There are 2 protein chains.
Amino acid sequence: MHGRRRAIRFALAAWLLLATAARAGAAEPLASWNEGAPKQAILKFVGDVTREGAPSFVPAPERIAVFDNDGTLWAEHPMYFQLAFALDRVKALAPGHPEWTSKPPFSAVLAGDLKALAASGEKGILELVTATHAGVTTEDFPKIVAAWLDSARHPRFRRPYTEIVYQPMLELLRYLREKGFKTYIVSGGGISFMRTFSEKVYGVPPEQVIGSTIATQYEVRDGRPVLLRLPKIDFIDDKAGKPVAIEKFIGRRPLLAFGNSDGDQQMLEWTAAGRGLRLMGLVHHTDGEREYAYDRESEFGRLDQALDEAIAKGWIVIDMQKDWKKIFAFES
Amino acid sequence: MHGRRRAIRFALAAWLLLATAARAGAAEPLASWNEGAPKQAILKFVGDVTREGAPSFVPAPERIAVFDNDGTLWAEHPMYFQLAFALDRVKALAPGHPEWTSKPPFSAVLAGDLKALAASGEKGILELVTATHAGVTTEDFPKIVAAWLDSARHPRFRRPYTEIVYQPMLELLRYLREKGFKTYIVSGGGISFMRTFSEKVYGVPPEQVIGSTIATQYEVRDGRPVLLRLPKIDFIDDKAGKPVAIEKFIGRRPLLAFGNSDGDQQMLEWTAAGRGLRLMGLVHHTDGEREYAYDRESEFGRLDQALDEAIAKGWIVIDMQKDWKKIFAFES
């Protein structure tokens, strides 16, 4: 009898061990999401399009998922992180440009006068971007960005910008890839800027990053070809530019699109207009304590018309305060 | 003893079956290539960059291979196949454009006067392309191309254009993908034109096709968003445009590049200038019997300066007559 009991106990222990191992292997998807409508809608949608034999089934090569970056995958306050890079870059380059101290918008940056900078409008911002993002080769620019990302810190969270990323969205990206989706970034941010960290931080390789571009030019210098970044905007990947860029770079309509601002509205409309099941979602910044609370009046990431359309059409609206257990991985 | 013999015979049969299955699974790579320098160089290069632990090893995500299309993957004589499409399209659209009968270059097309068409130069060709490739949505254009590909026949081979593809290059594409490479097309041809058949014919999905583009515009028609193709060239993906497009679309330097004309020269130079092992190759059209023989003087696919550079730098030059057992799959 002792032998039998021992055998039963051993079998039970083995079974427990195996069951635990199986659970650990198939980690719960979307662990940082609270139960609620957004999580349920995502799980149901992914189940529907990946269930073989179902009428809603979509073959893996057509499972294209697109994500905005600023405000959707990482934060965008108190200002777009790439703008913080441009401002730091103006300061770094200023010694070589004595004329900047009296030339807006550079003078505003050097004086730390963000109000005057804002008053310079889009034209001023574009001037800053071209002055700070051009004039170097495509090989040197990523090194400049990487050095900045290593040393710069977010003013509120006192951490590298690449840590100010939303843990629930990282889980969503990973979950989709596990389910055969190809995950893309489609952002108004600079394509070369984002590619310096997209693979490491989001698991998104450079060829799946779509963004705004400046013109480049092929030159042979001392027998060695280089691509020189020119002070000239090539394409702004925002608003109606997003569907244009998706068609150009991917050539397939996304099955799923997530954004957070009016800049993403056309991308979501374009996705929604496809045949069969599609999933559209907006990240709504509702948590002033753990992150930031803003929408219709915000200077960065304004969410106004797209929010109305999302509510009218039943797109997912993620309430960051309510729907996310955790916003950043570094939260205790 | 009978039982033992039977068991041995059974074991032998099973072993033979397994061995045969294993051979069938690992078909000989590059079967249509003759033994010779190009085949050996390809096999050696792929071995070197995929051998784990070797100093020349390259991780799979960085194994980017780029291929020109016209003259590299499919033929380009007696004229670029997409030009044949444009000419047929002019004829199809002519009833709605009575003014074309007296307006060059359309009048030349309608009169079948290829000499006058050639005299209209690049400007004339661009006029033809914008008139025949624009004015429709991005959803309708592929349908027009697909219908043409279904009905049009190559004037010499009397087969659909999508069969006038080089069997050895199909084998090379497949072999590279089996070895973890991501295969891209980087062509002067229209991106949307090529995407209609690239996946089926080459196994290259739309998002890995890079080509020339015309501008598109996002519009909402009766509540439904469309992308309208505008009669305006956005980008010509040829010569120095190829490295520019590779950097924009892929953001990584290719490990391997194949082309066949001076339009590919900068793409090969850009590839060659990367660190570590790189493989550059040109398809040299030397077989007037099975295909076409042309190089320095050809109107379509001129190979002159790039050939000199390839010889000087030791890039692979594929002699189609000598190096390929078979050019087309339909050859007996």
# chains A, B, ... in the order shown; residues from 1 in each chain; ligands from 1

call {"tool": "residues_around", "arguments": {"residues": "Leu279 of chain B", "least_positions_apart": "6", "cutoff": "8 Å", "atoms": "only C-alpha atoms", "output": "count of residues only"}}
result
9

call {"tool": "closest_atom_pairs", "arguments": {"of": "chain A", "to": "chain B", "cutoff": "10 Å", "atoms": "only C-alpha atoms", "output": "CSV"}}
result
residue,atom,partner,partner_atom,distance
A:Pro61,CA,B:Pro205,CA,8.0
A:Glu62,CA,B:Pro205,CA,9.7
A:Thr138,CA,B:Glu247,CA,8.2
A:Ile191,CA,B:Lys248,CA,7.9
A:Ser192,CA,B:Gly251,CA,7.6
A:Arg195,CA,B:Gly251,CA,7.6
A:Thr196,CA,B:Gly251,CA,9.8
A:Pro205,CA,B:Pro61,CA,8.0
A:Pro206,CA,B:Gly251,CA,5.6
A:Glu207,CA,B:Ile250,CA,4.2
A:Gln208,CA,B:Ile250,CA,7.7
A:Val209,CA,B:Phe249,CA,8.4
A:Ile210,CA,B:Phe249,CA,7.9
A:Gly211,CA,B:Lys248,CA,9.4
A:Ser212,CA,B:Lys248,CA,9.9
A:Thr213,CA,B:Lys248,CA,7.7
A:Ile214,CA,B:Lys248,CA,9.5
A:Ala215,CA,B:Val244,CA,8.6
A:Thr216,CA,B:Val244,CA,6.4
A:Gln217,CA,B:Val244,CA,6.8
A:Tyr218,CA,B:Ala240,CA,5.8
A:Glu219,CA,B:Ala240,CA,8.4
A:Val220,CA,B:Glu269,CA,9.5
A:Gly223,CA,B:Ala273,CA,9.6
A:Arg224,CA,B:Ala273,CA,6.7
A:Pro225,CA,B:Trp270,CA,6.1
A:Val226,CA,B:Trp270,CA,7.7
A:Leu227,CA,B:Val244,CA,7.1
A:Leu228,CA,B:Val244,CA,9.5
A:Lys239,CA,B:Tyr218,CA,9.6
A:Ala240,CA,B:Tyr218,CA,5.8
A:Gly241,CA,B:Tyr218,CA,7.7
A:Lys242,CA,B:Tyr218,CA,9.2
A:Pro243,CA,B:Tyr218,CA,7.2
A:Val244,CA,B:Thr216,CA,6.4
A:Ala245,CA,B:Thr216,CA,9.4
A:Ile246,CA,B:Glu207,CA,9.5
A:Glu247,CA,B:Thr138,CA,8.2
A:Lys248,CA,B:Thr213,CA,7.8
A:Phe249,CA,B:Glu207,CA,6.1
A:Ile250,CA,B:Glu207,CA,4.2
A:Gly251,CA,B:Pro206,CA,5.6
A:Arg252,CA,B:Pro206,CA,7.2
A:Gln266,CA,B:Pro225,CA,8.3
A:Glu269,CA,B:Pro225,CA,7.0
A:Trp270,CA,B:Pro225,CA,6.1
A:Thr271,CA,B:Pro225,CA,9.5
A:Ala272,CA,B:Pro225,CA,9.4
A:Ala273,CA,B:Arg224,CA,6.7
A:Gly274,CA,B:Pro225,CA,9.8

call {"tool": "atom_distance", "arguments": {"atom1": "atom CA of Glu171 of chain B", "atom2": "atom CA of Tyr202 of chain B"}}
result
9.6 Å

call {"tool": "select_by_dssp", "arguments": {"residues": "segment 63-176 of chain B", "states": "alpha helix (DSSP H)", "output": "ChimeraX atom specification"}}
result
/B:81-93,106-110,114-119,121-133,140-151,167-176

call {"tool": "residues_around", "arguments": {"residues": "Ser261 of chain A", "least_positions_apart": "4", "cutoff": "10 Å", "atoms": "only C-alpha atoms", "output": "NGL selection string"}}
result
:A and (68 or 70-72 or 239 or 265 or 282-285 or 295-296 or 298 or 300-307)
